[in-house]
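Asker: Contents are compact mmCIF, N, CA and C atoms; file name protein.txt:
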# COMPACT_ATOMS: atom_id res chain seq x y z
N MET A 1 -14.53 -6.88 -27.43
CA MET A 1 -13.94 -7.87 -26.55
C MET A 1 -14.82 -8.00 -25.31
N PRO A 2 -15.19 -9.24 -24.95
CA PRO A 2 -16.03 -9.44 -23.77
C PRO A 2 -15.33 -8.97 -22.50
N PRO A 3 -16.11 -8.48 -21.52
CA PRO A 3 -15.52 -7.97 -20.28
C PRO A 3 -14.64 -8.99 -19.57
N THR A 4 -15.04 -10.26 -19.58
CA THR A 4 -14.24 -11.27 -18.88
C THR A 4 -12.89 -11.47 -19.56
N MET A 5 -12.85 -11.33 -20.86
CA MET A 5 -11.60 -11.45 -21.58
C MET A 5 -10.67 -10.27 -21.26
N ALA A 6 -11.25 -9.07 -21.22
CA ALA A 6 -10.46 -7.89 -20.87
C ALA A 6 -9.93 -8.02 -19.44
N HIS A 7 -10.76 -8.55 -18.54
CA HIS A 7 -10.33 -8.74 -17.15
C HIS A 7 -9.16 -9.73 -17.10
N GLY A 8 -9.22 -10.77 -17.92
CA GLY A 8 -8.14 -11.76 -17.99
C GLY A 8 -6.84 -11.13 -18.46
N TYR A 9 -6.92 -10.26 -19.46
CA TYR A 9 -5.73 -9.57 -19.95
C TYR A 9 -5.16 -8.63 -18.90
N ALA A 10 -6.03 -7.94 -18.21
CA ALA A 10 -5.58 -7.03 -17.15
C ALA A 10 -4.90 -7.82 -16.04
N ARG A 11 -5.46 -8.95 -15.67
CA ARG A 11 -4.88 -9.79 -14.62
C ARG A 11 -3.51 -10.32 -15.06
N ALA A 12 -3.39 -10.73 -16.31
CA ALA A 12 -2.11 -11.22 -16.83
C ALA A 12 -1.06 -10.12 -16.83
N TYR A 13 -1.47 -8.92 -17.22
CA TYR A 13 -0.55 -7.77 -17.21
C TYR A 13 -0.09 -7.47 -15.79
N GLN A 14 -1.02 -7.50 -14.85
CA GLN A 14 -0.70 -7.22 -13.45
C GLN A 14 0.26 -8.27 -12.90
N THR A 15 0.01 -9.52 -13.21
CA THR A 15 0.89 -10.60 -12.76
C THR A 15 2.29 -10.43 -13.33
N GLN A 16 2.37 -10.11 -14.60
CA GLN A 16 3.67 -9.90 -15.24
C GLN A 16 4.41 -8.73 -14.62
N ALA A 17 3.69 -7.66 -14.29
CA ALA A 17 4.30 -6.49 -13.66
C ALA A 17 4.91 -6.86 -12.32
N VAL A 18 4.24 -7.71 -11.55
CA VAL A 18 4.76 -8.14 -10.26
C VAL A 18 6.00 -9.00 -10.44
N PHE A 19 5.96 -9.93 -11.41
CA PHE A 19 7.09 -10.82 -11.61
C PHE A 19 8.34 -10.10 -12.11
N THR A 20 8.16 -8.99 -12.82
CA THR A 20 9.31 -8.29 -13.39
C THR A 20 9.74 -7.07 -12.58
N ALA A 21 9.05 -6.78 -11.50
CA ALA A 21 9.35 -5.59 -10.71
C ALA A 21 10.58 -5.82 -9.82
N SER A 22 11.30 -4.75 -9.58
CA SER A 22 12.41 -4.80 -8.63
C SER A 22 11.84 -4.84 -7.22
N PRO A 23 12.65 -5.21 -6.23
CA PRO A 23 12.15 -5.18 -4.85
C PRO A 23 11.62 -3.81 -4.45
N GLY A 24 12.28 -2.75 -4.88
CA GLY A 24 11.81 -1.39 -4.57
C GLY A 24 10.47 -1.09 -5.21
N GLN A 25 10.28 -1.56 -6.44
CA GLN A 25 9.01 -1.36 -7.12
C GLN A 25 7.89 -2.18 -6.47
N LEU A 26 8.24 -3.36 -5.96
CA LEU A 26 7.24 -4.18 -5.26
C LEU A 26 6.74 -3.47 -4.01
N VAL A 27 7.65 -2.82 -3.28
CA VAL A 27 7.23 -2.05 -2.09
C VAL A 27 6.29 -0.94 -2.52
N LEU A 28 6.62 -0.26 -3.61
CA LEU A 28 5.75 0.81 -4.12
C LEU A 28 4.37 0.25 -4.48
N MET A 29 4.33 -0.92 -5.11
CA MET A 29 3.06 -1.56 -5.45
C MET A 29 2.26 -1.89 -4.19
N LEU A 30 2.95 -2.32 -3.15
CA LEU A 30 2.26 -2.62 -1.89
C LEU A 30 1.67 -1.35 -1.29
N TYR A 31 2.44 -0.26 -1.29
CA TYR A 31 1.89 1.01 -0.80
C TYR A 31 0.66 1.42 -1.62
N ASP A 32 0.76 1.29 -2.95
CA ASP A 32 -0.38 1.64 -3.81
C ASP A 32 -1.60 0.78 -3.50
N GLY A 33 -1.38 -0.51 -3.27
CA GLY A 33 -2.48 -1.39 -2.93
C GLY A 33 -3.11 -1.01 -1.60
N ALA A 34 -2.28 -0.72 -0.61
CA ALA A 34 -2.81 -0.31 0.70
C ALA A 34 -3.64 0.96 0.56
N LEU A 35 -3.13 1.92 -0.22
CA LEU A 35 -3.87 3.17 -0.42
C LEU A 35 -5.19 2.93 -1.14
N ARG A 36 -5.19 2.01 -2.10
CA ARG A 36 -6.43 1.70 -2.81
C ARG A 36 -7.47 1.12 -1.84
N PHE A 37 -7.07 0.17 -0.99
CA PHE A 37 -8.00 -0.44 -0.04
C PHE A 37 -8.44 0.55 1.03
N LEU A 38 -7.53 1.41 1.47
CA LEU A 38 -7.89 2.43 2.44
C LEU A 38 -8.92 3.40 1.85
N GLY A 39 -8.74 3.75 0.58
CA GLY A 39 -9.70 4.63 -0.09
C GLY A 39 -11.08 4.00 -0.19
N HIS A 40 -11.12 2.71 -0.52
CA HIS A 40 -12.42 2.01 -0.59
C HIS A 40 -13.08 1.99 0.79
N ALA A 41 -12.28 1.71 1.83
CA ALA A 41 -12.84 1.67 3.19
C ALA A 41 -13.34 3.05 3.61
N ARG A 42 -12.55 4.08 3.32
CA ARG A 42 -12.95 5.45 3.67
C ARG A 42 -14.26 5.82 2.99
N ASP A 43 -14.35 5.52 1.68
CA ASP A 43 -15.57 5.83 0.94
C ASP A 43 -16.78 5.11 1.55
N ALA A 44 -16.60 3.86 1.92
CA ALA A 44 -17.71 3.10 2.51
C ALA A 44 -18.08 3.66 3.88
N LEU A 45 -17.07 4.06 4.66
CA LEU A 45 -17.36 4.63 5.98
C LEU A 45 -18.09 5.96 5.87
N GLN A 46 -17.85 6.69 4.80
CA GLN A 46 -18.50 7.99 4.61
C GLN A 46 -19.84 7.87 3.90
N ALA A 47 -20.19 6.67 3.45
CA ALA A 47 -21.48 6.44 2.80
C ALA A 47 -22.57 6.43 3.88
N PRO A 48 -23.82 6.65 3.46
CA PRO A 48 -24.92 6.58 4.44
C PRO A 48 -24.91 5.23 5.16
N GLU A 49 -25.24 5.26 6.43
CA GLU A 49 -25.17 4.06 7.26
C GLU A 49 -26.14 2.97 6.82
N ASP A 50 -27.17 3.33 6.08
CA ASP A 50 -28.12 2.32 5.63
C ASP A 50 -27.72 1.70 4.28
N SER A 51 -26.52 2.06 3.79
CA SER A 51 -26.06 1.49 2.52
C SER A 51 -25.88 -0.01 2.65
N PRO A 52 -26.39 -0.76 1.66
CA PRO A 52 -26.22 -2.21 1.73
C PRO A 52 -24.74 -2.59 1.60
N ARG A 53 -24.35 -3.57 2.34
CA ARG A 53 -22.98 -4.12 2.32
C ARG A 53 -21.92 -3.14 2.82
N ARG A 54 -22.31 -2.01 3.40
CA ARG A 54 -21.36 -1.01 3.87
C ARG A 54 -20.35 -1.62 4.85
N ILE A 55 -20.86 -2.31 5.86
CA ILE A 55 -20.00 -2.89 6.90
C ILE A 55 -19.06 -3.93 6.29
N GLU A 56 -19.58 -4.75 5.40
CA GLU A 56 -18.76 -5.78 4.74
C GLU A 56 -17.64 -5.14 3.93
N ILE A 57 -17.94 -4.10 3.18
CA ILE A 57 -16.94 -3.41 2.35
C ILE A 57 -15.86 -2.78 3.23
N VAL A 58 -16.30 -2.13 4.30
CA VAL A 58 -15.34 -1.52 5.23
C VAL A 58 -14.42 -2.60 5.79
N ASN A 59 -15.00 -3.64 6.34
CA ASN A 59 -14.24 -4.72 6.98
C ASN A 59 -13.26 -5.36 6.00
N THR A 60 -13.72 -5.73 4.83
CA THR A 60 -12.89 -6.41 3.85
C THR A 60 -11.70 -5.54 3.44
N ASN A 61 -11.95 -4.28 3.17
CA ASN A 61 -10.88 -3.40 2.70
C ASN A 61 -9.91 -3.02 3.80
N LEU A 62 -10.39 -2.85 5.01
CA LEU A 62 -9.47 -2.57 6.12
C LEU A 62 -8.58 -3.77 6.41
N ILE A 63 -9.14 -4.96 6.34
CA ILE A 63 -8.33 -6.16 6.56
C ILE A 63 -7.28 -6.30 5.47
N LYS A 64 -7.64 -6.02 4.23
CA LYS A 64 -6.66 -6.09 3.13
C LYS A 64 -5.54 -5.07 3.34
N ALA A 65 -5.88 -3.86 3.75
CA ALA A 65 -4.87 -2.84 4.01
C ALA A 65 -3.98 -3.26 5.18
N GLN A 66 -4.58 -3.80 6.24
CA GLN A 66 -3.80 -4.27 7.39
C GLN A 66 -2.85 -5.40 6.98
N ASN A 67 -3.30 -6.29 6.14
CA ASN A 67 -2.46 -7.39 5.68
C ASN A 67 -1.26 -6.87 4.89
N ILE A 68 -1.47 -5.88 4.07
CA ILE A 68 -0.36 -5.30 3.31
C ILE A 68 0.63 -4.64 4.26
N LEU A 69 0.13 -3.88 5.22
CA LEU A 69 1.02 -3.23 6.18
C LEU A 69 1.77 -4.26 7.01
N ALA A 70 1.11 -5.34 7.38
CA ALA A 70 1.78 -6.41 8.13
C ALA A 70 2.87 -7.06 7.28
N GLU A 71 2.63 -7.21 6.00
CA GLU A 71 3.64 -7.78 5.10
C GLU A 71 4.84 -6.83 4.97
N LEU A 72 4.56 -5.54 4.84
CA LEU A 72 5.65 -4.56 4.80
C LEU A 72 6.45 -4.61 6.10
N GLN A 73 5.76 -4.72 7.21
CA GLN A 73 6.42 -4.78 8.52
C GLN A 73 7.27 -6.04 8.63
N ALA A 74 6.74 -7.17 8.20
CA ALA A 74 7.46 -8.44 8.30
C ALA A 74 8.68 -8.49 7.38
N SER A 75 8.66 -7.70 6.32
CA SER A 75 9.78 -7.74 5.36
C SER A 75 10.92 -6.79 5.74
N LEU A 76 10.77 -6.05 6.83
CA LEU A 76 11.83 -5.15 7.24
C LEU A 76 13.08 -5.94 7.63
N ASN A 77 14.23 -5.45 7.19
CA ASN A 77 15.51 -6.05 7.54
C ASN A 77 16.12 -5.20 8.65
N HIS A 78 15.94 -5.63 9.88
CA HIS A 78 16.38 -4.84 11.03
C HIS A 78 17.90 -4.75 11.12
N GLU A 79 18.60 -5.78 10.65
CA GLU A 79 20.06 -5.73 10.67
C GLU A 79 20.59 -4.66 9.73
N ALA A 80 20.13 -4.68 8.50
CA ALA A 80 20.61 -3.73 7.50
C ALA A 80 19.99 -2.35 7.70
N GLY A 81 18.74 -2.31 8.16
CA GLY A 81 18.02 -1.04 8.27
C GLY A 81 18.25 -0.27 9.54
N GLY A 82 18.72 -0.93 10.58
CA GLY A 82 19.02 -0.27 11.84
C GLY A 82 17.85 0.56 12.37
N ASP A 83 18.15 1.82 12.70
CA ASP A 83 17.12 2.71 13.26
C ASP A 83 15.98 2.97 12.29
N HIS A 84 16.29 3.02 10.99
CA HIS A 84 15.23 3.27 10.00
C HIS A 84 14.21 2.12 10.02
N ALA A 85 14.71 0.89 10.07
CA ALA A 85 13.81 -0.26 10.11
C ALA A 85 13.00 -0.26 11.41
N ALA A 86 13.65 0.08 12.52
CA ALA A 86 12.94 0.12 13.80
C ALA A 86 11.83 1.18 13.79
N ASN A 87 12.12 2.34 13.19
CA ASN A 87 11.11 3.40 13.08
C ASN A 87 9.94 2.97 12.20
N LEU A 88 10.26 2.35 11.06
CA LEU A 88 9.18 1.86 10.18
C LEU A 88 8.36 0.79 10.88
N ASP A 89 9.02 -0.07 11.63
CA ASP A 89 8.32 -1.12 12.37
C ASP A 89 7.30 -0.50 13.32
N ARG A 90 7.69 0.54 14.03
CA ARG A 90 6.76 1.21 14.96
C ARG A 90 5.63 1.91 14.19
N LEU A 91 5.97 2.51 13.05
CA LEU A 91 4.94 3.17 12.25
C LEU A 91 3.91 2.15 11.76
N TYR A 92 4.38 1.04 11.19
CA TYR A 92 3.45 0.03 10.69
C TYR A 92 2.58 -0.50 11.83
N GLU A 93 3.17 -0.71 13.00
CA GLU A 93 2.41 -1.19 14.15
C GLU A 93 1.30 -0.18 14.51
N TYR A 94 1.65 1.09 14.50
CA TYR A 94 0.67 2.14 14.79
C TYR A 94 -0.44 2.16 13.74
N TYR A 95 -0.06 2.07 12.47
CA TYR A 95 -1.06 2.09 11.39
C TYR A 95 -2.04 0.93 11.56
N ILE A 96 -1.51 -0.25 11.81
CA ILE A 96 -2.35 -1.44 11.96
C ILE A 96 -3.29 -1.28 13.15
N ARG A 97 -2.78 -0.75 14.25
CA ARG A 97 -3.61 -0.53 15.44
C ARG A 97 -4.73 0.47 15.16
N ARG A 98 -4.41 1.54 14.44
CA ARG A 98 -5.43 2.55 14.11
C ARG A 98 -6.49 1.96 13.18
N LEU A 99 -6.09 1.12 12.25
CA LEU A 99 -7.06 0.51 11.34
C LEU A 99 -7.94 -0.49 12.07
N LEU A 100 -7.38 -1.19 13.02
CA LEU A 100 -8.18 -2.09 13.85
C LEU A 100 -9.24 -1.29 14.61
N GLU A 101 -8.81 -0.16 15.16
CA GLU A 101 -9.75 0.73 15.86
C GLU A 101 -10.84 1.23 14.92
N ALA A 102 -10.43 1.65 13.71
CA ALA A 102 -11.41 2.14 12.74
C ALA A 102 -12.42 1.06 12.39
N ASN A 103 -11.95 -0.17 12.27
CA ASN A 103 -12.84 -1.28 11.91
C ASN A 103 -13.79 -1.62 13.05
N MET A 104 -13.29 -1.59 14.27
CA MET A 104 -14.15 -1.92 15.41
C MET A 104 -15.20 -0.84 15.66
N LYS A 105 -14.81 0.42 15.53
CA LYS A 105 -15.71 1.53 15.82
C LYS A 105 -16.43 2.07 14.59
N LYS A 106 -16.03 1.58 13.42
CA LYS A 106 -16.58 2.04 12.14
C LYS A 106 -16.48 3.57 12.03
N LYS A 107 -15.28 4.07 12.26
CA LYS A 107 -14.98 5.51 12.19
C LYS A 107 -14.04 5.77 11.03
N ALA A 108 -14.29 6.85 10.29
CA ALA A 108 -13.46 7.19 9.13
C ALA A 108 -12.17 7.91 9.52
N GLU A 109 -12.16 8.61 10.66
CA GLU A 109 -11.00 9.44 11.01
C GLU A 109 -9.69 8.66 11.07
N PRO A 110 -9.64 7.50 11.74
CA PRO A 110 -8.37 6.77 11.75
C PRO A 110 -7.94 6.31 10.35
N VAL A 111 -8.90 5.98 9.51
CA VAL A 111 -8.58 5.56 8.14
C VAL A 111 -7.97 6.73 7.38
N ILE A 112 -8.57 7.90 7.51
CA ILE A 112 -8.06 9.09 6.83
C ILE A 112 -6.65 9.41 7.32
N GLU A 113 -6.44 9.31 8.63
CA GLU A 113 -5.12 9.56 9.20
C GLU A 113 -4.08 8.61 8.62
N VAL A 114 -4.38 7.31 8.64
CA VAL A 114 -3.43 6.31 8.14
C VAL A 114 -3.24 6.48 6.64
N GLU A 115 -4.29 6.77 5.93
CA GLU A 115 -4.20 6.98 4.48
C GLU A 115 -3.22 8.13 4.18
N ASN A 116 -3.33 9.22 4.90
CA ASN A 116 -2.41 10.35 4.69
C ASN A 116 -0.97 9.99 5.03
N LEU A 117 -0.79 9.26 6.11
CA LEU A 117 0.56 8.87 6.53
C LEU A 117 1.18 7.88 5.54
N VAL A 118 0.41 6.91 5.10
CA VAL A 118 0.91 5.93 4.12
C VAL A 118 1.23 6.64 2.80
N ARG A 119 0.41 7.60 2.42
CA ARG A 119 0.66 8.34 1.18
C ARG A 119 2.00 9.08 1.27
N GLN A 120 2.32 9.65 2.43
CA GLN A 120 3.61 10.31 2.61
C GLN A 120 4.76 9.32 2.46
N LEU A 121 4.62 8.14 3.08
CA LEU A 121 5.65 7.10 2.93
C LEU A 121 5.77 6.68 1.48
N ARG A 122 4.64 6.47 0.83
CA ARG A 122 4.64 6.04 -0.57
C ARG A 122 5.31 7.06 -1.46
N ASP A 123 4.98 8.33 -1.28
CA ASP A 123 5.56 9.38 -2.11
C ASP A 123 7.06 9.51 -1.88
N GLY A 124 7.48 9.39 -0.63
CA GLY A 124 8.90 9.42 -0.33
C GLY A 124 9.63 8.24 -0.95
N TRP A 125 9.02 7.07 -0.89
CA TRP A 125 9.61 5.87 -1.48
C TRP A 125 9.72 6.03 -3.00
N ALA A 126 8.67 6.55 -3.63
CA ALA A 126 8.67 6.75 -5.08
C ALA A 126 9.76 7.75 -5.48
N GLU A 127 9.92 8.80 -4.70
CA GLU A 127 10.96 9.80 -4.99
C GLU A 127 12.34 9.17 -4.89
N MET A 128 12.54 8.36 -3.85
CA MET A 128 13.82 7.68 -3.68
C MET A 128 14.09 6.72 -4.85
N LEU A 129 13.09 5.99 -5.27
CA LEU A 129 13.25 5.07 -6.40
C LEU A 129 13.59 5.82 -7.68
N ASN A 130 12.89 6.93 -7.93
CA ASN A 130 13.17 7.73 -9.12
C ASN A 130 14.59 8.26 -9.11
N LYS A 131 15.04 8.73 -7.98
CA LYS A 131 16.41 9.23 -7.86
C LYS A 131 17.41 8.11 -8.10
N TYR A 132 17.16 6.95 -7.51
CA TYR A 132 18.04 5.80 -7.68
C TYR A 132 18.09 5.38 -9.15
N GLU A 133 16.92 5.30 -9.79
CA GLU A 133 16.87 4.89 -11.20
C GLU A 133 17.59 5.89 -12.10
N SER A 134 17.42 7.19 -11.85
CA SER A 134 18.08 8.19 -12.70
C SER A 134 19.59 8.15 -12.48
N GLU A 135 20.05 7.93 -11.25
CA GLU A 135 21.49 7.81 -10.99
C GLU A 135 22.04 6.57 -11.66
N ARG A 136 21.31 5.49 -11.60
CA ARG A 136 21.74 4.23 -12.23
C ARG A 136 21.81 4.40 -13.74
N LEU A 137 20.85 5.10 -14.33
CA LEU A 137 20.84 5.34 -15.76
C LEU A 137 22.02 6.23 -16.17
N GLN A 138 22.28 7.27 -15.39
CA GLN A 138 23.43 8.15 -15.69
C GLN A 138 24.72 7.36 -15.59
N HIS A 139 24.85 6.52 -14.60
CA HIS A 139 26.05 5.70 -14.45
C HIS A 139 26.20 4.74 -15.63
N ALA A 140 25.11 4.14 -16.08
CA ALA A 140 25.15 3.23 -17.22
C ALA A 140 25.57 3.96 -18.48
N ARG A 141 25.10 5.18 -18.66
CA ARG A 141 25.48 5.97 -19.84
C ARG A 141 26.96 6.32 -19.79
N GLY A 142 27.45 6.61 -18.59
CA GLY A 142 28.86 6.95 -18.43
C GLY A 142 29.77 5.78 -18.68
N VAL A 143 29.29 4.57 -18.40
CA VAL A 143 30.08 3.36 -18.58
C VAL A 143 30.09 2.96 -20.04
N ALA A 144 28.97 3.15 -20.72
CA ALA A 144 28.83 2.65 -22.11
C ALA A 144 29.59 3.47 -23.11
Before anything else, please render the file you have as structure tokens.
Answerer:
Amino acid sequence: MPPTMAHGYARAYQTQAVFTASPGQLVLMLYDGALRFLGHARDALQAPEDSPRRIEIVNTNLIKAQNILAELQASLNHEAGGDHAANLDRLYEYYIRRLLEANMKKKAEPVIEVENLVRQLRDGWAEMLNKYESERLQHARGVA
């Protein structure tokens, strides 16, 4: 199978996964995407400074990660989420500010910091989703 055909199938699978995902799973996908872009930026920042396209790769991936975090921030429901939403709002604001700093100064440390913090949020979210899904499955079995 030609590479472009395989890429088309992968893209179609990815699109289908997004369309069929629950809101909770979409948040998890956003965290995964942010982590992927942060990893690419970190790797580029740690590459030798004379690497071709290093600055472009750093900039592009940090902007993508910032956009994901801004989307997560914008999707917070402050009415329903109360203090939790307010805390997440402040965290996302901090993450975005640190990534802006990393991009301006071309420093890996803020990226590593944000990457670790986002990973903790992502893992906590995944654990919550798994618990919710298993409880929902147990309830469905009890009803059936």
Asker: Can you tell me which residues surround region 63-66 of chain A at a distance of at most 8 Å, considering all atoms listed in the file, apart from same-chain residues fewer than 5 positions away, and format the answer as a PyMOL selection string?
Answerer: chain A and resi 33-38+57-58+71-72+95-97+99-100+103
Asker: If you keep N, CA and C atoms, can you produce a file of those selected residues as a short mmCIF file (atom, residue, chain, number, x, y, z; two decimals), in the frame of the given file?
Answerer:
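Okay, this is what ended up in selection-v2.cif:
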data_model
loop_
_atom_site.label_atom_id
_atom_site.label_comp_id
_atom_site.auth_asym_id
_atom_site.auth_seq_id
_atom_site.Cartn_x
_atom_site.Cartn_y
_atom_site.Cartn_z
N GLY A 33 -1.38 -0.51 -3.27
CA GLY A 33 -2.48 -1.39 -2.93
C GLY A 33 -3.11 -1.01 -1.60
N ALA A 34 -2.28 -0.72 -0.61
CA ALA A 34 -2.81 -0.31 0.70
C ALA A 34 -3.64 0.96 0.56
N LEU A 35 -3.13 1.92 -0.22
CA LEU A 35 -3.87 3.17 -0.42
C LEU A 35 -5.19 2.93 -1.14
N ARG A 36 -5.19 2.01 -2.10
CA ARG A 36 -6.43 1.70 -2.81
C ARG A 36 -7.47 1.12 -1.84
N PHE A 37 -7.07 0.17 -0.99
CA PHE A 37 -8.00 -0.44 -0.04
C PHE A 37 -8.44 0.55 1.03
N LEU A 38 -7.53 1.41 1.47
CA LEU A 38 -7.89 2.43 2.44
C LEU A 38 -8.92 3.40 1.85
N ILE A 57 -17.94 -4.10 3.18
CA ILE A 57 -16.94 -3.41 2.35
C ILE A 57 -15.86 -2.78 3.23
N VAL A 58 -16.30 -2.13 4.30
CA VAL A 58 -15.34 -1.52 5.23
C VAL A 58 -14.42 -2.60 5.79
N GLU A 71 2.63 -7.21 6.00
CA GLU A 71 3.64 -7.78 5.10
C GLU A 71 4.84 -6.83 4.97
N LEU A 72 4.56 -5.54 4.84
CA LEU A 72 5.65 -4.56 4.80
C LEU A 72 6.45 -4.61 6.10
N TYR A 95 -0.06 2.07 12.47
CA TYR A 95 -1.06 2.09 11.39
C TYR A 95 -2.04 0.93 11.56
N ILE A 96 -1.51 -0.25 11.81
CA ILE A 96 -2.35 -1.44 11.96
C ILE A 96 -3.29 -1.28 13.15
N ARG A 97 -2.78 -0.75 14.25
CA ARG A 97 -3.61 -0.53 15.44
C ARG A 97 -4.73 0.47 15.16
N LEU A 99 -6.09 1.12 12.25
CA LEU A 99 -7.06 0.51 11.34
C LEU A 99 -7.94 -0.49 12.07
N LEU A 100 -7.38 -1.19 13.02
CA LEU A 100 -8.18 -2.09 13.85
C LEU A 100 -9.24 -1.29 14.61
N ASN A 103 -11.95 -0.17 12.27
CA ASN A 103 -12.84 -1.28 11.91
C ASN A 103 -13.79 -1.62 13.05
#
Asker: For the atom pair atom C of Met104 (chain A) and atom N of Leu91 (chain A), what is the interatomic distance in Å to one decimal place?
Answerer: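 Answer for the atom C of Met104 (chain A) to atom N of Leu91 (chain A) separation: 21.6 Å.
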Asker: Using only C-alpha atoms, can you tell me which of A:Asp83, A:Tyr31, A:Arg42, A:Ile68 comes closest to Gln120 (chain A)?
Answerer: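 With only C-alpha atoms as the atom set, the closest residue is A:Tyr31.
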Asker: From the list A:Glu135, A:Pro52, A:Gly39, A:Ala85, which residue is nearest Glu115 (chain A) when using only N, CA and C atoms?
Answerer: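 Among the listed residues, the smallest separation from Glu115 (chain A) belongs to A:Gly39.
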Asker: What separation in Å, quoted to one decimal, exists between CA of Glu56 (chain A) and atom N of Leu28 (chain A)?
Answerer: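 Separation between CA of Glu56 (chain A) and atom N of Leu28 (chain A): 27.3 Å.
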Asker: Atom C of Arg122 (chain A) to CA of Val27 (chain A): how many Å, to one decimal?
Answerer: 9.3 Å
Asker: Name the closest residue to Asn59 (chain A) among the candidates A:Gln25, A:Ala86, A:Gln46, A:Ala102; distances are taken between atoms, counting only C-alpha atoms.
Answerer: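 So, comparing all the options, the nearest one is A:Ala102.
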Asker: Find the spatial neighbours of Ile55 (chain A), counting only C-alpha atoms, within a cut-off of 9 Å - ignore same-chain residues fewer than 6 positions away - and output them as a list in words.
Answerer: Ala44, Leu45, Glu49, Asn103 and Lys106 of chain A
